[in-house]
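Participant: File name final_5.cif; file contents mmCIF, N, CA and C atoms; full text below.
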```
data_protein
#
loop_
_atom_site.label_atom_id
_atom_site.label_comp_id
_atom_site.auth_asym_id
_atom_site.auth_seq_id
_atom_site.Cartn_x
_atom_site.Cartn_y
_atom_site.Cartn_z
N MET A 29 -63.05 21.70 -10.62
CA MET A 29 -62.78 21.93 -12.01
C MET A 29 -63.99 22.62 -12.63
N LYS A 30 -63.72 23.27 -13.73
CA LYS A 30 -64.76 24.04 -14.41
C LYS A 30 -65.00 23.43 -15.80
N PHE A 31 -66.25 23.04 -16.06
CA PHE A 31 -66.64 22.36 -17.29
C PHE A 31 -67.65 23.20 -18.07
N TYR A 32 -67.43 23.30 -19.36
CA TYR A 32 -68.35 24.00 -20.25
C TYR A 32 -69.17 22.96 -21.02
N ILE A 33 -70.48 23.08 -20.96
CA ILE A 33 -71.38 22.19 -21.69
C ILE A 33 -71.69 22.85 -23.02
N ASP A 34 -71.21 22.28 -24.10
CA ASP A 34 -71.34 22.86 -25.43
C ASP A 34 -72.81 23.03 -25.82
N GLU A 35 -73.06 23.94 -26.75
CA GLU A 35 -74.44 24.24 -27.12
C GLU A 35 -75.14 23.12 -27.87
N ASN A 36 -74.41 22.06 -28.27
CA ASN A 36 -75.06 20.94 -28.93
C ASN A 36 -75.63 19.93 -27.92
N LEU A 37 -75.45 20.19 -26.64
CA LEU A 37 -76.01 19.34 -25.59
C LEU A 37 -77.14 20.08 -24.88
N MET A 38 -77.97 19.34 -24.18
CA MET A 38 -79.09 19.93 -23.44
C MET A 38 -78.53 20.74 -22.27
N PRO A 39 -78.78 22.03 -22.23
CA PRO A 39 -78.20 22.86 -21.16
C PRO A 39 -78.72 22.53 -19.77
N SER A 40 -79.93 21.98 -19.67
CA SER A 40 -80.47 21.69 -18.35
C SER A 40 -79.75 20.55 -17.64
N MET A 41 -78.86 19.83 -18.35
CA MET A 41 -78.07 18.80 -17.67
C MET A 41 -77.11 19.43 -16.67
N ALA A 42 -76.78 20.70 -16.84
CA ALA A 42 -75.85 21.38 -15.92
C ALA A 42 -76.37 21.33 -14.49
N ASP A 43 -77.67 21.48 -14.30
CA ASP A 43 -78.24 21.45 -12.94
C ASP A 43 -77.94 20.13 -12.24
N GLN A 44 -78.17 19.03 -12.95
CA GLN A 44 -77.93 17.71 -12.37
C GLN A 44 -76.43 17.48 -12.10
N LEU A 45 -75.59 17.87 -13.04
CA LEU A 45 -74.15 17.68 -12.87
C LEU A 45 -73.63 18.48 -11.68
N ASN A 46 -74.13 19.70 -11.52
CA ASN A 46 -73.70 20.52 -10.38
C ASN A 46 -74.16 19.92 -9.05
N ARG A 47 -75.31 19.25 -9.04
CA ARG A 47 -75.79 18.62 -7.81
C ARG A 47 -74.97 17.38 -7.44
N VAL A 48 -74.62 16.60 -8.46
CA VAL A 48 -73.91 15.35 -8.21
C VAL A 48 -72.42 15.59 -7.95
N PHE A 49 -71.80 16.41 -8.76
CA PHE A 49 -70.36 16.63 -8.65
C PHE A 49 -70.09 17.96 -7.95
N ARG A 50 -70.42 17.99 -6.67
CA ARG A 50 -70.21 19.21 -5.87
C ARG A 50 -68.72 19.52 -5.83
N GLY A 51 -68.41 20.79 -5.88
CA GLY A 51 -67.02 21.19 -5.90
C GLY A 51 -66.51 21.42 -7.32
N HIS A 52 -67.28 20.97 -8.30
CA HIS A 52 -66.98 21.23 -9.71
C HIS A 52 -68.07 22.18 -10.23
N ASN A 53 -67.77 22.84 -11.33
CA ASN A 53 -68.70 23.83 -11.86
C ASN A 53 -69.01 23.50 -13.31
N PHE A 54 -70.29 23.37 -13.63
CA PHE A 54 -70.76 23.07 -14.98
C PHE A 54 -71.58 24.25 -15.46
N ARG A 55 -71.17 24.83 -16.58
CA ARG A 55 -71.81 26.04 -17.10
C ARG A 55 -72.21 25.84 -18.55
N THR A 56 -73.14 26.66 -19.01
CA THR A 56 -73.72 26.55 -20.35
C THR A 56 -73.42 27.80 -21.18
N PRO A 57 -73.66 27.72 -22.49
CA PRO A 57 -73.43 28.89 -23.35
C PRO A 57 -74.21 30.12 -22.93
N SER A 58 -75.47 29.96 -22.53
CA SER A 58 -76.24 31.14 -22.14
C SER A 58 -75.70 31.76 -20.86
N GLN A 59 -75.19 30.95 -19.95
CA GLN A 59 -74.62 31.49 -18.72
C GLN A 59 -73.33 32.27 -18.99
N GLU A 60 -72.60 31.88 -20.01
CA GLU A 60 -71.32 32.53 -20.34
C GLU A 60 -71.45 33.52 -21.49
N HIS A 61 -72.65 33.69 -22.01
CA HIS A 61 -72.91 34.64 -23.09
C HIS A 61 -72.00 34.40 -24.30
N CYS A 62 -71.97 33.13 -24.72
CA CYS A 62 -71.10 32.82 -25.87
C CYS A 62 -71.79 31.90 -26.88
N ARG A 63 -73.10 31.98 -26.97
CA ARG A 63 -73.82 31.17 -27.98
C ARG A 63 -73.41 31.61 -29.38
N GLY A 64 -73.22 30.64 -30.25
CA GLY A 64 -72.94 30.93 -31.65
C GLY A 64 -71.49 31.23 -31.98
N LEU A 65 -70.59 31.19 -31.01
CA LEU A 65 -69.18 31.43 -31.31
C LEU A 65 -68.62 30.27 -32.13
N GLU A 66 -67.76 30.58 -33.05
CA GLU A 66 -67.03 29.53 -33.77
C GLU A 66 -66.10 28.84 -32.77
N ASP A 67 -65.77 27.57 -33.03
CA ASP A 67 -65.05 26.77 -32.05
C ASP A 67 -63.74 27.40 -31.57
N ILE A 68 -62.89 27.84 -32.47
CA ILE A 68 -61.59 28.38 -32.05
C ILE A 68 -61.78 29.63 -31.19
N GLU A 69 -62.71 30.48 -31.57
CA GLU A 69 -63.02 31.66 -30.77
C GLU A 69 -63.58 31.23 -29.40
N LEU A 70 -64.40 30.20 -29.38
CA LEU A 70 -64.96 29.69 -28.14
C LEU A 70 -63.85 29.18 -27.22
N PHE A 71 -62.91 28.42 -27.77
CA PHE A 71 -61.82 27.87 -26.95
C PHE A 71 -61.01 28.99 -26.30
N ASP A 72 -60.73 30.05 -27.05
CA ASP A 72 -60.02 31.20 -26.48
C ASP A 72 -60.83 31.84 -25.37
N HIS A 73 -62.14 31.96 -25.59
CA HIS A 73 -63.04 32.55 -24.60
C HIS A 73 -63.04 31.70 -23.32
N LEU A 74 -63.10 30.38 -23.49
CA LEU A 74 -63.12 29.49 -22.32
C LEU A 74 -61.79 29.53 -21.57
N GLN A 75 -60.70 29.68 -22.28
CA GLN A 75 -59.41 29.81 -21.63
C GLN A 75 -59.37 31.08 -20.77
N ALA A 76 -59.88 32.16 -21.32
CA ALA A 76 -59.90 33.43 -20.58
C ALA A 76 -60.76 33.33 -19.31
N LEU A 77 -61.74 32.42 -19.31
CA LEU A 77 -62.62 32.23 -18.16
C LEU A 77 -62.14 31.08 -17.26
N SER A 78 -60.93 30.58 -17.52
CA SER A 78 -60.30 29.54 -16.69
C SER A 78 -61.05 28.21 -16.68
N TYR A 79 -61.56 27.80 -17.83
CA TYR A 79 -62.20 26.49 -17.93
C TYR A 79 -61.15 25.40 -18.04
N ASP A 80 -61.50 24.22 -17.55
CA ASP A 80 -60.64 23.05 -17.64
C ASP A 80 -61.01 22.13 -18.80
N ALA A 81 -62.30 22.10 -19.14
CA ALA A 81 -62.75 21.12 -20.12
C ALA A 81 -64.04 21.55 -20.80
N LEU A 82 -64.25 20.94 -21.95
CA LEU A 82 -65.42 21.14 -22.78
C LEU A 82 -66.13 19.79 -22.89
N ILE A 83 -67.45 19.77 -22.68
CA ILE A 83 -68.26 18.56 -22.86
C ILE A 83 -69.11 18.79 -24.10
N THR A 84 -69.04 17.88 -25.08
CA THR A 84 -69.64 18.14 -26.38
C THR A 84 -70.02 16.86 -27.12
N GLU A 85 -70.80 17.03 -28.20
CA GLU A 85 -71.05 15.96 -29.17
C GLU A 85 -70.24 16.18 -30.44
N ASP A 86 -69.52 17.27 -30.54
CA ASP A 86 -68.85 17.68 -31.78
C ASP A 86 -67.48 17.00 -31.94
N ARG A 87 -67.49 15.82 -32.54
CA ARG A 87 -66.25 15.07 -32.76
C ARG A 87 -65.37 15.71 -33.85
N ARG A 88 -65.96 16.59 -34.64
CA ARG A 88 -65.17 17.27 -35.69
C ARG A 88 -64.08 18.14 -35.08
N GLN A 89 -64.26 18.56 -33.84
CA GLN A 89 -63.24 19.37 -33.18
C GLN A 89 -61.92 18.61 -33.06
N LEU A 90 -61.98 17.29 -33.03
CA LEU A 90 -60.77 16.48 -32.96
C LEU A 90 -60.22 16.16 -34.35
N GLU A 91 -61.08 16.18 -35.35
CA GLU A 91 -60.68 15.84 -36.72
C GLU A 91 -60.04 17.01 -37.45
N ARG A 92 -60.39 18.21 -37.08
CA ARG A 92 -59.85 19.41 -37.71
C ARG A 92 -58.58 19.82 -36.98
N PRO A 93 -57.43 19.76 -37.66
CA PRO A 93 -56.16 20.04 -36.99
C PRO A 93 -56.11 21.41 -36.31
N ASP A 94 -56.68 22.44 -36.93
CA ASP A 94 -56.63 23.78 -36.32
C ASP A 94 -57.46 23.84 -35.04
N GLU A 95 -58.58 23.14 -35.00
CA GLU A 95 -59.41 23.14 -33.80
C GLU A 95 -58.76 22.31 -32.69
N ARG A 96 -58.19 21.18 -33.07
CA ARG A 96 -57.51 20.34 -32.07
C ARG A 96 -56.32 21.09 -31.45
N GLN A 97 -55.58 21.79 -32.28
CA GLN A 97 -54.46 22.59 -31.79
C GLN A 97 -54.96 23.72 -30.89
N ALA A 98 -56.08 24.34 -31.25
CA ALA A 98 -56.64 25.43 -30.44
C ALA A 98 -57.10 24.91 -29.07
N LEU A 99 -57.64 23.70 -29.03
CA LEU A 99 -58.00 23.08 -27.74
C LEU A 99 -56.76 22.95 -26.86
N ARG A 100 -55.70 22.40 -27.45
CA ARG A 100 -54.45 22.20 -26.71
C ARG A 100 -53.90 23.53 -26.22
N LYS A 101 -53.87 24.51 -27.11
CA LYS A 101 -53.33 25.83 -26.77
C LYS A 101 -54.14 26.48 -25.64
N ALA A 102 -55.45 26.26 -25.64
CA ALA A 102 -56.32 26.83 -24.60
C ALA A 102 -56.25 26.04 -23.30
N GLY A 103 -55.54 24.91 -23.31
CA GLY A 103 -55.42 24.10 -22.11
C GLY A 103 -56.70 23.36 -21.74
N LEU A 104 -57.54 23.08 -22.75
CA LEU A 104 -58.84 22.45 -22.51
C LEU A 104 -58.80 20.95 -22.80
N SER A 105 -59.33 20.17 -21.88
CA SER A 105 -59.58 18.77 -22.16
C SER A 105 -60.91 18.67 -22.88
N TRP A 106 -61.07 17.60 -23.64
CA TRP A 106 -62.26 17.40 -24.46
C TRP A 106 -62.97 16.14 -23.98
N LEU A 107 -64.23 16.28 -23.58
CA LEU A 107 -65.05 15.15 -23.18
C LEU A 107 -66.18 15.04 -24.18
N GLY A 108 -66.25 13.91 -24.89
CA GLY A 108 -67.24 13.79 -25.95
C GLY A 108 -68.16 12.61 -25.79
N ILE A 109 -69.39 12.83 -26.25
CA ILE A 109 -70.36 11.74 -26.32
C ILE A 109 -70.86 11.65 -27.76
N LYS A 110 -71.32 10.47 -28.12
CA LYS A 110 -71.89 10.29 -29.46
C LYS A 110 -73.25 10.95 -29.54
N THR A 111 -73.56 11.42 -30.74
CA THR A 111 -74.87 12.00 -30.99
C THR A 111 -75.90 10.89 -31.06
N LEU A 112 -76.97 11.03 -30.29
CA LEU A 112 -78.06 10.06 -30.32
C LEU A 112 -79.28 10.73 -30.94
N SER A 113 -80.04 9.99 -31.70
CA SER A 113 -81.23 10.57 -32.35
C SER A 113 -82.42 10.50 -31.41
N LEU A 114 -82.38 11.35 -30.41
CA LEU A 114 -83.46 11.44 -29.43
C LEU A 114 -83.86 12.90 -29.30
N SER A 115 -84.98 13.14 -28.66
CA SER A 115 -85.39 14.52 -28.40
C SER A 115 -86.13 14.57 -27.08
N GLY A 116 -86.34 15.77 -26.60
CA GLY A 116 -87.11 15.98 -25.38
C GLY A 116 -86.51 15.33 -24.16
N ALA A 117 -87.39 14.76 -23.33
CA ALA A 117 -86.96 14.16 -22.06
C ALA A 117 -86.00 13.00 -22.28
N ALA A 118 -86.20 12.21 -23.34
CA ALA A 118 -85.30 11.09 -23.61
C ALA A 118 -83.90 11.59 -23.94
N GLN A 119 -83.81 12.68 -24.68
CA GLN A 119 -82.50 13.25 -25.01
C GLN A 119 -81.80 13.76 -23.75
N LEU A 120 -82.53 14.51 -22.94
CA LEU A 120 -81.95 15.05 -21.71
C LEU A 120 -81.51 13.92 -20.78
N ALA A 121 -82.36 12.93 -20.57
CA ALA A 121 -82.04 11.84 -19.67
C ALA A 121 -80.83 11.04 -20.15
N THR A 122 -80.77 10.76 -21.46
CA THR A 122 -79.69 9.95 -21.99
C THR A 122 -78.37 10.71 -21.97
N GLN A 123 -78.37 11.95 -22.43
CA GLN A 123 -77.14 12.74 -22.38
C GLN A 123 -76.63 12.87 -20.95
N THR A 124 -77.53 13.17 -20.03
CA THR A 124 -77.14 13.34 -18.64
C THR A 124 -76.59 12.04 -18.07
N ALA A 125 -77.23 10.93 -18.36
CA ALA A 125 -76.77 9.63 -17.87
C ALA A 125 -75.37 9.29 -18.39
N ILE A 126 -75.14 9.55 -19.67
CA ILE A 126 -73.84 9.26 -20.26
C ILE A 126 -72.75 10.12 -19.59
N VAL A 127 -73.03 11.40 -19.43
CA VAL A 127 -72.03 12.30 -18.84
C VAL A 127 -71.83 11.97 -17.36
N LEU A 128 -72.90 11.72 -16.62
CA LEU A 128 -72.76 11.35 -15.20
C LEU A 128 -71.90 10.11 -15.04
N ASN A 129 -72.21 9.09 -15.80
CA ASN A 129 -71.46 7.84 -15.72
C ASN A 129 -70.00 8.06 -16.15
N GLY A 130 -69.80 8.73 -17.27
CA GLY A 130 -68.44 8.94 -17.77
C GLY A 130 -67.59 9.81 -16.86
N LEU A 131 -68.19 10.84 -16.28
CA LEU A 131 -67.43 11.73 -15.40
C LEU A 131 -67.00 11.04 -14.11
N ALA A 132 -67.80 10.12 -13.61
CA ALA A 132 -67.42 9.41 -12.40
C ALA A 132 -66.07 8.72 -12.60
N TRP A 133 -65.87 8.13 -13.74
CA TRP A 133 -64.59 7.48 -14.07
C TRP A 133 -63.54 8.52 -14.45
N THR A 134 -63.93 9.46 -15.29
CA THR A 134 -62.98 10.44 -15.82
C THR A 134 -62.32 11.26 -14.71
N LEU A 135 -63.07 11.68 -13.73
CA LEU A 135 -62.48 12.48 -12.66
C LEU A 135 -61.45 11.70 -11.86
N ASP A 136 -61.65 10.39 -11.72
CA ASP A 136 -60.65 9.56 -11.03
C ASP A 136 -59.38 9.40 -11.85
N GLU A 137 -59.49 9.49 -13.16
CA GLU A 137 -58.35 9.28 -14.07
C GLU A 137 -57.85 10.57 -14.71
N TRP A 138 -58.24 11.71 -14.17
CA TRP A 138 -57.97 13.01 -14.80
C TRP A 138 -56.48 13.23 -15.02
N CYS A 139 -56.13 13.69 -16.22
CA CYS A 139 -54.74 14.03 -16.58
C CYS A 139 -54.54 15.53 -16.40
N GLU A 140 -53.38 15.92 -15.98
CA GLU A 140 -53.09 17.34 -15.77
C GLU A 140 -52.87 18.09 -17.09
N ILE A 141 -52.59 17.36 -18.16
CA ILE A 141 -52.43 17.99 -19.47
C ILE A 141 -53.72 17.82 -20.26
N PRO A 142 -54.01 18.73 -21.20
CA PRO A 142 -55.24 18.58 -21.99
C PRO A 142 -55.32 17.19 -22.63
N SER A 143 -56.46 16.54 -22.42
CA SER A 143 -56.64 15.16 -22.87
C SER A 143 -58.01 14.99 -23.50
N ILE A 144 -58.16 13.88 -24.19
CA ILE A 144 -59.43 13.53 -24.84
C ILE A 144 -60.06 12.39 -24.05
N TYR A 145 -61.31 12.57 -23.67
CA TYR A 145 -62.06 11.54 -22.97
C TYR A 145 -63.31 11.25 -23.79
N ARG A 146 -63.42 10.04 -24.32
CA ARG A 146 -64.60 9.64 -25.07
C ARG A 146 -65.53 8.88 -24.12
N LEU A 147 -66.63 9.52 -23.77
CA LEU A 147 -67.56 8.92 -22.82
C LEU A 147 -68.46 7.93 -23.56
N HIS A 148 -68.62 6.75 -22.99
CA HIS A 148 -69.33 5.68 -23.68
C HIS A 148 -70.84 5.87 -23.65
N SER A 149 -71.43 5.59 -24.81
CA SER A 149 -72.87 5.69 -25.00
C SER A 149 -73.49 4.31 -25.04
N PRO A 150 -74.78 4.24 -24.78
CA PRO A 150 -75.46 2.95 -24.97
C PRO A 150 -75.46 2.60 -26.45
N LYS A 151 -75.52 1.33 -26.76
CA LYS A 151 -75.53 0.91 -28.17
C LYS A 151 -76.88 1.17 -28.83
N SER A 152 -77.93 1.17 -28.03
CA SER A 152 -79.26 1.48 -28.55
C SER A 152 -80.10 2.07 -27.42
N ARG A 153 -81.23 2.60 -27.79
CA ARG A 153 -82.14 3.16 -26.79
C ARG A 153 -82.58 2.08 -25.80
N ASN A 154 -82.63 0.84 -26.26
CA ASN A 154 -83.05 -0.26 -25.40
C ASN A 154 -82.08 -0.52 -24.25
N ASP A 155 -80.84 -0.06 -24.37
CA ASP A 155 -79.88 -0.24 -23.28
C ASP A 155 -80.32 0.50 -22.02
N PHE A 156 -81.20 1.49 -22.16
CA PHE A 156 -81.71 2.22 -21.01
C PHE A 156 -83.12 1.79 -20.63
N ALA A 157 -83.70 0.88 -21.41
CA ALA A 157 -85.07 0.45 -21.15
C ALA A 157 -85.14 -0.39 -19.88
N ALA A 158 -86.19 -0.20 -19.12
CA ALA A 158 -86.39 -0.99 -17.91
C ALA A 158 -86.88 -2.40 -18.27
N GLU A 159 -86.50 -3.35 -17.45
CA GLU A 159 -87.04 -4.70 -17.58
C GLU A 159 -88.38 -4.70 -16.83
N ILE A 160 -89.38 -5.28 -17.43
CA ILE A 160 -90.72 -5.24 -16.83
C ILE A 160 -91.24 -6.66 -16.65
N GLU A 161 -91.80 -6.90 -15.48
CA GLU A 161 -92.48 -8.18 -15.23
C GLU A 161 -93.63 -7.94 -14.28
N THR A 162 -94.57 -8.84 -14.25
CA THR A 162 -95.71 -8.67 -13.35
C THR A 162 -95.32 -9.07 -11.94
N VAL A 163 -96.04 -8.53 -10.97
CA VAL A 163 -95.76 -8.81 -9.55
C VAL A 163 -96.37 -10.14 -9.16
#
```
Translate this file's structure into structure tokens.

Facilitator:
Amino acid sequence: MKFYIDENLMPSMADQLNRVFRGHNFRTPSQEHCRGLEDIELFDHLQALSYDALITEDRRQLERPDERQALRKAGLSWLGIKTLSLSGAAQLATQTAIVLNGLAWTLDEWCEIPSIYRLHSPKSRNDFAAEIETV
């Protein structure tokens, strides 16, 4: 399957996803030369490039009837994660962890028709914190 990582996510997560989910293709806006496209135009562009799904933080795409209809018309499934207030390495690690974990389940349950998959996020940054004790 072919997945588009929306520009609101860290593009470098594509490298890890491609390594873990061999046989699937994860691409970014810069790779597809479509940075800055409005959502409906983007969905048409992704359809023309034979994408199966969009991975994003933009939940408004589901709330706006015209965008939701455009997703359906383009044959795109929507995989979404919640926006976390992180930056840098913590942002990359957390986004990648959420998508890796969610995709493992999602691919087993994949629907042939465009569907919405809400990938679960940690409740707080502490959910990813290591437990520490002395040796």

Participant: Name the residues that the PyMOL selection byres ((chain A and resi 126-142) around 8) pulls out of this structure, and write them as a list in words.

Facilitator: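 So the PyMOL selection byres ((chain A and resi 126-142) around 8), applied here, picks out Gln44, Leu45, Asp80, Leu99, Arg100, Lys101, Ala102, Gly103, Leu104, Ser105, Trp106, Gly108, Ile109, Leu120, Ala121, Thr122, Gln123, Thr124, Ala125, Ser143, Ile144, Tyr145, Arg146, Leu147, His148, Ser149 and Pro150 of chain A.
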
Participant: Using all atoms listed in the file, which residue out of A:Arg96, A:Arg63, A:Arg55, A:His73 lies closest to Lys30 (chain A)?

Facilitator: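 Using all atoms listed in the file, the shortest distance to Lys30 (chain A) belongs to A:Arg55.
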
Participant: In Å, with one decimal, what is the gap from CA of Thr56 (chain A) to CA of Ala117 (chain A)?

Facilitator: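 That distance, rounded to one decimal, is 18.2 Å.
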
Participant: In Å, rounded to a single decimal, give me how far atom C of Glu35 (chain A) is from atom N of Thr84 (chain A).

Facilitator: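 Computing it gives 8.5 Å between the two atoms.
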
Participant: For each of A:Leu82, A:Ile68, A:Ala118, A:Glu159, take the minimum atom-to-atom distance to Phe31 (chain A), counting only C-alpha atoms, then give the residue where this is smallest.

Facilitator: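 Closest to Phe31 (chain A) of all the choices is A:Leu82.
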
Participant: Where in region 83-131 of chain A does DSSP assign helix (DSSP H, G or I), given as number ranges by chain?

Facilitator: A: 88-91, 93-101, 116-131

Participant: Find the distance between atom C of Ala81 (chain A) and CA of Ile33 (chain A) and write it in Å to one decimal.

Facilitator: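 Between these atoms lies a distance of 7.4 Å.
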
Participant: For the file shown, report as an MDAnalysis selection string the outcome of the PyMOL selection byres ((chain A and resi 86) around 8) at residue level.

Facilitator: chainID A and resid 34 36:37 83:85 87:91 107:111

Participant: As a list in words, please: all residues of chain A that backbone DSSP puts in strand (DSSP E).

Facilitator: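 So, restricting chain A to strand (DSSP E), we get Lys30, Phe31, Tyr32, Ile33, Asn53, Phe54, Arg55, Ala81, Leu82, Ile83, Thr84, Ser105, Trp106, Leu107, Gly108, Ile144, Tyr145 and Arg146 of chain A.
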
Participant: Would you place a box with edges along x, y and z of the file around all atoms of region 110-121 of chain A listed there, add 3 Å to each of its six sides, and report the centre and edge lengths in Å to one decimal, as lines of an AutoDock Vina configuration file?

Facilitator:
```
center_x = -79.4
center_y = 13.0
center_z = -26.0
size_x = 22.1
size_y = 12.0
size_z = 18.7
```
